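Reproduced below: coords-v2.cif, with mmCIF, N, CA, C and O atoms.
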```
data_entry
loop_
_atom_site.label_atom_id
_atom_site.label_comp_id
_atom_site.auth_asym_id
_atom_site.auth_seq_id
_atom_site.Cartn_x
_atom_site.Cartn_y
_atom_site.Cartn_z
N MET A 274 -44.27 -46.84 -103.50
CA MET A 274 -44.33 -48.05 -102.70
C MET A 274 -44.73 -47.71 -101.27
O MET A 274 -45.49 -48.43 -100.65
N LYS A 275 -44.19 -46.60 -100.78
CA LYS A 275 -44.49 -46.20 -99.41
C LYS A 275 -45.97 -45.85 -99.26
O LYS A 275 -46.58 -46.16 -98.24
N SER A 276 -46.53 -45.22 -100.27
CA SER A 276 -47.95 -44.87 -100.24
C SER A 276 -48.83 -46.12 -100.22
O SER A 276 -49.86 -46.14 -99.56
N LEU A 277 -48.41 -47.15 -100.93
CA LEU A 277 -49.16 -48.41 -100.95
C LEU A 277 -49.17 -49.05 -99.57
O LEU A 277 -50.21 -49.53 -99.10
N ILE A 278 -48.04 -49.01 -98.89
CA ILE A 278 -47.96 -49.58 -97.54
C ILE A 278 -48.85 -48.80 -96.58
O ILE A 278 -49.57 -49.38 -95.78
N TYR A 279 -48.82 -47.46 -96.70
CA TYR A 279 -49.69 -46.63 -95.86
C TYR A 279 -51.16 -46.94 -96.11
O TYR A 279 -51.96 -47.03 -95.19
N THR A 280 -51.51 -47.11 -97.37
CA THR A 280 -52.90 -47.40 -97.72
C THR A 280 -53.35 -48.72 -97.14
O THR A 280 -54.44 -48.82 -96.56
N ILE A 281 -52.51 -49.73 -97.25
CA ILE A 281 -52.85 -51.05 -96.70
C ILE A 281 -52.98 -50.98 -95.18
O ILE A 281 -53.92 -51.54 -94.60
N LEU A 282 -52.06 -50.29 -94.53
CA LEU A 282 -52.13 -50.15 -93.07
C LEU A 282 -53.37 -49.37 -92.65
O LEU A 282 -54.01 -49.70 -91.64
N LEU A 283 -53.73 -48.34 -93.40
CA LEU A 283 -54.92 -47.56 -93.08
C LEU A 283 -56.18 -48.40 -93.12
O LEU A 283 -57.00 -48.36 -92.21
N PHE A 284 -56.33 -49.17 -94.20
CA PHE A 284 -57.51 -50.00 -94.29
C PHE A 284 -57.51 -51.09 -93.24
O PHE A 284 -58.56 -51.43 -92.68
N GLY A 285 -56.34 -51.64 -92.93
CA GLY A 285 -56.24 -52.64 -91.88
C GLY A 285 -56.65 -52.08 -90.52
O GLY A 285 -57.40 -52.72 -89.77
N LEU A 286 -56.16 -50.90 -90.20
CA LEU A 286 -56.52 -50.26 -88.93
C LEU A 286 -58.01 -49.91 -88.88
O LEU A 286 -58.66 -50.06 -87.84
N GLY A 287 -58.54 -49.44 -89.99
CA GLY A 287 -59.95 -49.11 -90.03
C GLY A 287 -60.83 -50.33 -89.83
O GLY A 287 -61.81 -50.31 -89.07
N ILE A 288 -60.47 -51.42 -90.48
CA ILE A 288 -61.24 -52.67 -90.33
C ILE A 288 -61.11 -53.20 -88.91
O ILE A 288 -62.10 -53.65 -88.31
N TYR A 289 -59.90 -53.14 -88.34
CA TYR A 289 -59.73 -53.62 -86.96
C TYR A 289 -60.52 -52.77 -85.97
O TYR A 289 -61.11 -53.29 -85.03
N ALA A 290 -60.55 -51.47 -86.19
CA ALA A 290 -61.31 -50.59 -85.29
C ALA A 290 -62.80 -50.89 -85.38
O ALA A 290 -63.49 -50.91 -84.36
N ILE A 291 -63.29 -51.16 -86.58
CA ILE A 291 -64.71 -51.51 -86.73
C ILE A 291 -64.99 -52.86 -86.07
O ILE A 291 -66.02 -53.03 -85.41
N TYR A 292 -64.08 -53.81 -86.23
CA TYR A 292 -64.24 -55.12 -85.59
C TYR A 292 -64.24 -54.98 -84.07
O TYR A 292 -65.06 -55.59 -83.38
N GLU A 293 -63.33 -54.19 -83.55
CA GLU A 293 -63.26 -53.99 -82.10
C GLU A 293 -64.53 -53.32 -81.58
O GLU A 293 -65.01 -53.63 -80.50
N GLN A 294 -65.09 -52.43 -82.35
CA GLN A 294 -66.31 -51.73 -81.95
C GLN A 294 -67.51 -52.67 -81.89
O GLN A 294 -68.43 -52.45 -81.12
N SER A 295 -67.49 -53.73 -82.68
CA SER A 295 -68.63 -54.63 -82.72
C SER A 295 -68.65 -55.62 -81.55
O SER A 295 -69.65 -56.31 -81.37
N LYS A 296 -67.58 -55.68 -80.77
CA LYS A 296 -67.54 -56.58 -79.62
C LYS A 296 -68.49 -56.09 -78.53
O LYS A 296 -68.78 -54.89 -78.45
N PRO A 297 -68.96 -57.00 -77.67
CA PRO A 297 -69.86 -56.57 -76.58
C PRO A 297 -69.17 -55.60 -75.61
O PRO A 297 -69.79 -54.66 -75.12
N GLU A 298 -67.90 -55.83 -75.33
CA GLU A 298 -67.13 -54.95 -74.43
C GLU A 298 -65.86 -54.51 -75.16
O GLU A 298 -64.78 -55.05 -74.93
N PRO A 299 -65.95 -53.51 -76.04
CA PRO A 299 -64.75 -53.09 -76.78
C PRO A 299 -63.76 -52.37 -75.87
O PRO A 299 -64.14 -51.66 -74.94
N ASN A 300 -62.48 -52.61 -76.13
CA ASN A 300 -61.43 -51.92 -75.39
C ASN A 300 -61.34 -50.49 -75.93
O ASN A 300 -61.03 -50.26 -77.09
N LYS A 301 -61.61 -49.52 -75.09
CA LYS A 301 -61.68 -48.12 -75.53
C LYS A 301 -60.32 -47.60 -75.98
O LYS A 301 -60.23 -46.80 -76.90
N TRP A 302 -59.24 -48.04 -75.35
CA TRP A 302 -57.91 -47.59 -75.73
C TRP A 302 -57.52 -48.09 -77.11
O TRP A 302 -56.97 -47.35 -77.91
N ILE A 303 -57.84 -49.34 -77.39
CA ILE A 303 -57.53 -49.89 -78.71
C ILE A 303 -58.32 -49.14 -79.77
O ILE A 303 -57.79 -48.80 -80.83
N MET A 304 -59.58 -48.88 -79.49
CA MET A 304 -60.41 -48.15 -80.46
C MET A 304 -59.88 -46.74 -80.68
O MET A 304 -59.78 -46.28 -81.82
N PHE A 305 -59.51 -46.06 -79.62
CA PHE A 305 -59.00 -44.70 -79.73
C PHE A 305 -57.71 -44.67 -80.54
O PHE A 305 -57.55 -43.85 -81.45
N ILE A 306 -56.78 -45.56 -80.24
CA ILE A 306 -55.50 -45.60 -80.95
C ILE A 306 -55.71 -45.96 -82.42
O ILE A 306 -55.10 -45.36 -83.30
N ALA A 307 -56.56 -46.95 -82.69
CA ALA A 307 -56.80 -47.35 -84.08
C ALA A 307 -57.43 -46.22 -84.88
O ALA A 307 -57.00 -45.94 -86.01
N PHE A 308 -58.42 -45.53 -84.32
CA PHE A 308 -59.04 -44.42 -85.04
C PHE A 308 -58.07 -43.25 -85.20
O PHE A 308 -58.04 -42.60 -86.25
N ALA A 309 -57.26 -42.97 -84.19
CA ALA A 309 -56.30 -41.87 -84.29
C ALA A 309 -55.27 -42.16 -85.39
O ALA A 309 -54.99 -41.29 -86.22
N LEU A 310 -54.73 -43.37 -85.41
CA LEU A 310 -53.77 -43.72 -86.45
C LEU A 310 -54.43 -43.73 -87.83
O LEU A 310 -53.81 -43.34 -88.82
N PHE A 311 -55.67 -44.16 -87.89
CA PHE A 311 -56.39 -44.16 -89.16
C PHE A 311 -56.53 -42.74 -89.70
O PHE A 311 -56.26 -42.47 -90.86
N PHE A 312 -56.92 -41.80 -88.86
CA PHE A 312 -57.10 -40.43 -89.31
C PHE A 312 -55.78 -39.74 -89.61
O PHE A 312 -55.69 -38.92 -90.53
N ILE A 313 -54.73 -40.04 -88.86
CA ILE A 313 -53.41 -39.48 -89.16
C ILE A 313 -52.93 -39.96 -90.52
O ILE A 313 -52.45 -39.19 -91.34
N GLY A 314 -53.08 -41.24 -90.78
CA GLY A 314 -52.69 -41.79 -92.07
C GLY A 314 -53.52 -41.24 -93.20
O GLY A 314 -53.02 -40.94 -94.29
N LEU A 315 -54.81 -41.08 -92.97
CA LEU A 315 -55.70 -40.52 -93.98
C LEU A 315 -55.30 -39.08 -94.30
O LEU A 315 -55.28 -38.67 -95.46
N PHE A 316 -54.93 -38.32 -93.28
CA PHE A 316 -54.49 -36.94 -93.49
C PHE A 316 -53.21 -36.92 -94.33
O PHE A 316 -53.06 -36.09 -95.23
N ARG A 317 -52.28 -37.84 -94.05
CA ARG A 317 -51.02 -37.87 -94.79
C ARG A 317 -51.27 -38.19 -96.26
O ARG A 317 -50.59 -37.65 -97.14
N ILE A 318 -52.22 -39.06 -96.54
CA ILE A 318 -52.51 -39.39 -97.93
C ILE A 318 -53.25 -38.23 -98.61
O ILE A 318 -52.96 -37.86 -99.74
N MET A 319 -54.18 -37.61 -97.89
CA MET A 319 -54.99 -36.54 -98.49
C MET A 319 -54.19 -35.27 -98.76
O MET A 319 -54.53 -34.51 -99.67
N LYS A 320 -53.15 -35.00 -98.00
CA LYS A 320 -52.40 -33.77 -98.24
C LYS A 320 -51.57 -33.85 -99.52
O LYS A 320 -51.11 -32.83 -100.01
N LYS A 321 -51.41 -35.04 -100.09
CA LYS A 321 -50.70 -35.18 -101.36
C LYS A 321 -51.61 -34.89 -102.55
O LYS A 321 -51.12 -34.66 -103.64
N ILE A 322 -52.91 -34.91 -102.35
CA ILE A 322 -53.87 -34.67 -103.43
C ILE A 322 -54.10 -33.17 -103.55
O ILE A 322 -54.46 -32.52 -102.57
N PRO A 323 -53.89 -32.61 -104.73
CA PRO A 323 -54.09 -31.15 -104.87
C PRO A 323 -55.56 -30.77 -104.74
O PRO A 323 -56.45 -31.52 -105.14
N SER A 324 -55.79 -29.61 -104.20
CA SER A 324 -57.14 -29.12 -104.00
C SER A 324 -57.74 -28.65 -105.32
O SER A 324 -57.07 -28.02 -106.13
N LYS A 325 -59.00 -28.94 -105.52
CA LYS A 325 -59.70 -28.50 -106.72
C LYS A 325 -59.91 -26.98 -106.68
O LYS A 325 -59.89 -26.31 -107.70
N ASN A 326 -60.08 -26.43 -105.50
CA ASN A 326 -60.32 -25.00 -105.36
C ASN A 326 -59.08 -24.17 -105.70
O ASN A 326 -59.20 -23.05 -106.16
N ASP A 327 -57.88 -24.70 -105.48
CA ASP A 327 -56.67 -23.97 -105.80
C ASP A 327 -56.56 -23.71 -107.28
O ASP A 327 -56.16 -22.62 -107.71
N THR A 328 -56.93 -24.66 -108.11
CA THR A 328 -56.83 -24.45 -109.57
C THR A 328 -57.89 -23.48 -110.03
O THR A 328 -57.64 -22.69 -110.94
N GLU A 329 -59.07 -23.49 -109.42
CA GLU A 329 -60.11 -22.54 -109.80
C GLU A 329 -59.72 -21.12 -109.43
O GLU A 329 -59.96 -20.18 -110.17
N ASN A 330 -59.08 -20.93 -108.26
CA ASN A 330 -58.65 -19.60 -107.83
C ASN A 330 -57.57 -19.07 -108.75
O ASN A 330 -57.53 -17.88 -109.04
N ASN A 331 -56.67 -19.92 -109.22
CA ASN A 331 -55.59 -19.47 -110.10
C ASN A 331 -56.15 -19.04 -111.46
O ASN A 331 -55.63 -18.12 -112.08
N GLU A 332 -57.22 -19.68 -111.92
CA GLU A 332 -57.80 -19.30 -113.21
C GLU A 332 -58.52 -17.96 -113.10
O GLU A 332 -58.53 -17.17 -114.05
N ASP A 333 -59.11 -17.66 -111.96
CA ASP A 333 -59.82 -16.40 -111.78
C ASP A 333 -58.85 -15.22 -111.73
O ASP A 333 -59.20 -14.12 -112.16
N GLU A 334 -57.66 -15.43 -111.21
CA GLU A 334 -56.68 -14.35 -111.07
C GLU A 334 -56.05 -13.96 -112.40
O GLU A 334 -55.59 -12.86 -112.57
N SER A 335 -56.05 -14.86 -113.38
CA SER A 335 -55.39 -14.60 -114.68
C SER A 335 -56.09 -13.54 -115.48
O SER A 335 -57.21 -13.30 -115.48
#
```
For this file, write the structure as structure tokens.
Amino acid sequence: MKSLIYTILLFGLGIYAIYEQSKPEPNKWIMFIAFALFFIGLFRIMKKIPSKNDTENNEDES
């Protein structure tokens, strides 16, 4: 459930950052904070996914 909330917030922040960027005079602080939170959340989700290279390295060592 927590991952679903993070995913929804990530996409919401990403869409808001893109919307803010399309304005004639975007607020740079809002854009910076939205992109920073987007990438932090993306990192948190991606670190739960196992690396494909780790399984290949383990097969080579056997």
Item to check | Selection result for the PyMOL selection byres (((chain A and resi 279-281 and name CA) around 12) and name CA) on this file, as a list in words | outcome: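 Going through the file, the PyMOL selection byres (((chain A and resi 279-281 and name CA) around 12) and name CA) ends up selecting Met274, Lys275, Ser276, Leu277, Ile278, Leu282, Leu283, Phe284, Gly285, Leu286, Gly287, Ile288, Leu310, Phe311, Phe312, Ile313, Gly314, Leu315, Phe316, Arg317, Ile318 and Met319 of chain A.
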Please, could you write that set of residues out with N, CA, C and O atoms as a tab-separated table (two decimals), in the frame of the given file?
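Below you can see again-v8.tsv, which holds the result:
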```tsv
chain	number	residue	atom	x	y	z
A	274	MET	N	-44.27	-46.84	-103.50
A	274	MET	CA	-44.33	-48.05	-102.70
A	274	MET	C	-44.73	-47.71	-101.27
A	274	MET	O	-45.49	-48.43	-100.65
A	275	LYS	N	-44.19	-46.60	-100.78
A	275	LYS	CA	-44.49	-46.20	-99.41
A	275	LYS	C	-45.97	-45.85	-99.26
A	275	LYS	O	-46.58	-46.16	-98.24
A	276	SER	N	-46.53	-45.22	-100.27
A	276	SER	CA	-47.95	-44.87	-100.24
A	276	SER	C	-48.83	-46.12	-100.22
A	276	SER	O	-49.86	-46.14	-99.56
A	277	LEU	N	-48.41	-47.15	-100.93
A	277	LEU	CA	-49.16	-48.41	-100.95
A	277	LEU	C	-49.17	-49.05	-99.57
A	277	LEU	O	-50.21	-49.53	-99.10
A	278	ILE	N	-48.04	-49.01	-98.89
A	278	ILE	CA	-47.96	-49.58	-97.54
A	278	ILE	C	-48.85	-48.80	-96.58
A	278	ILE	O	-49.57	-49.38	-95.78
A	282	LEU	N	-52.06	-50.29	-94.53
A	282	LEU	CA	-52.13	-50.15	-93.07
A	282	LEU	C	-53.37	-49.37	-92.65
A	282	LEU	O	-54.01	-49.70	-91.64
A	283	LEU	N	-53.73	-48.34	-93.40
A	283	LEU	CA	-54.92	-47.56	-93.08
A	283	LEU	C	-56.18	-48.40	-93.12
A	283	LEU	O	-57.00	-48.36	-92.21
A	284	PHE	N	-56.33	-49.17	-94.20
A	284	PHE	CA	-57.51	-50.00	-94.29
A	284	PHE	C	-57.51	-51.09	-93.24
A	284	PHE	O	-58.56	-51.43	-92.68
A	285	GLY	N	-56.34	-51.64	-92.93
A	285	GLY	CA	-56.24	-52.64	-91.88
A	285	GLY	C	-56.65	-52.08	-90.52
A	285	GLY	O	-57.40	-52.72	-89.77
A	286	LEU	N	-56.16	-50.90	-90.20
A	286	LEU	CA	-56.52	-50.26	-88.93
A	286	LEU	C	-58.01	-49.91	-88.88
A	286	LEU	O	-58.66	-50.06	-87.84
A	287	GLY	N	-58.54	-49.44	-89.99
A	287	GLY	CA	-59.95	-49.11	-90.03
A	287	GLY	C	-60.83	-50.33	-89.83
A	287	GLY	O	-61.81	-50.31	-89.07
A	288	ILE	N	-60.47	-51.42	-90.48
A	288	ILE	CA	-61.24	-52.67	-90.33
A	288	ILE	C	-61.11	-53.20	-88.91
A	288	ILE	O	-62.10	-53.65	-88.31
A	310	LEU	N	-54.73	-43.37	-85.41
A	310	LEU	CA	-53.77	-43.72	-86.45
A	310	LEU	C	-54.43	-43.73	-87.83
A	310	LEU	O	-53.81	-43.34	-88.82
A	311	PHE	N	-55.67	-44.16	-87.89
A	311	PHE	CA	-56.39	-44.16	-89.16
A	311	PHE	C	-56.53	-42.74	-89.70
A	311	PHE	O	-56.26	-42.47	-90.86
A	312	PHE	N	-56.92	-41.80	-88.86
A	312	PHE	CA	-57.10	-40.43	-89.31
A	312	PHE	C	-55.78	-39.74	-89.61
A	312	PHE	O	-55.69	-38.92	-90.53
A	313	ILE	N	-54.73	-40.04	-88.86
A	313	ILE	CA	-53.41	-39.48	-89.16
A	313	ILE	C	-52.93	-39.96	-90.52
A	313	ILE	O	-52.45	-39.19	-91.34
A	314	GLY	N	-53.08	-41.24	-90.78
A	314	GLY	CA	-52.69	-41.79	-92.07
A	314	GLY	C	-53.52	-41.24	-93.20
A	314	GLY	O	-53.02	-40.94	-94.29
A	315	LEU	N	-54.81	-41.08	-92.97
A	315	LEU	CA	-55.70	-40.52	-93.98
A	315	LEU	C	-55.30	-39.08	-94.30
A	315	LEU	O	-55.28	-38.67	-95.46
A	316	PHE	N	-54.93	-38.32	-93.28
A	316	PHE	CA	-54.49	-36.94	-93.49
A	316	PHE	C	-53.21	-36.92	-94.33
A	316	PHE	O	-53.06	-36.09	-95.23
A	317	ARG	N	-52.28	-37.84	-94.05
A	317	ARG	CA	-51.02	-37.87	-94.79
A	317	ARG	C	-51.27	-38.19	-96.26
A	317	ARG	O	-50.59	-37.65	-97.14
A	318	ILE	N	-52.22	-39.06	-96.54
A	318	ILE	CA	-52.51	-39.39	-97.93
A	318	ILE	C	-53.25	-38.23	-98.61
A	318	ILE	O	-52.96	-37.86	-99.74
A	319	MET	N	-54.18	-37.61	-97.89
A	319	MET	CA	-54.99	-36.54	-98.49
A	319	MET	C	-54.19	-35.27	-98.76
A	319	MET	O	-54.53	-34.51	-99.67
```
Checklist entry - How many Å separate CA of Ile291 in chain A from CA of Ile303 in chain A? => result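 Atom-to-atom, CA of Ile291 in chain A and CA of Ile303 in chain A are spaced 10.9 Å apart.
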Next on the checklist: If you run DSSP on the backbone here, which positions in chain A get alpha helix (DSSP H)? Please write them as JSON, numbers by chain.
Outcome noted: {"A": [275, 276, 277, 278, 279, 280, 281, 282, 283, 284, 285, 286, 287, 288, 289, 290, 291, 292, 293, 294, 301, 302, 303, 304, 305, 306, 307, 308, 309, 310, 311, 312, 313, 314, 315, 316, 317, 318, 319, 325, 326, 327, 328, 329, 330, 331, 332, 333, 334]}
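Note that CA of Met304 in chain A and CA of Ala290 in chain A are 5.5 Å apart.
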Checklist entry - So what do you get for atom N of Glu293 in chain A versus atom N of Phe305 in chain A, distance-wise? => result 9.8 Å
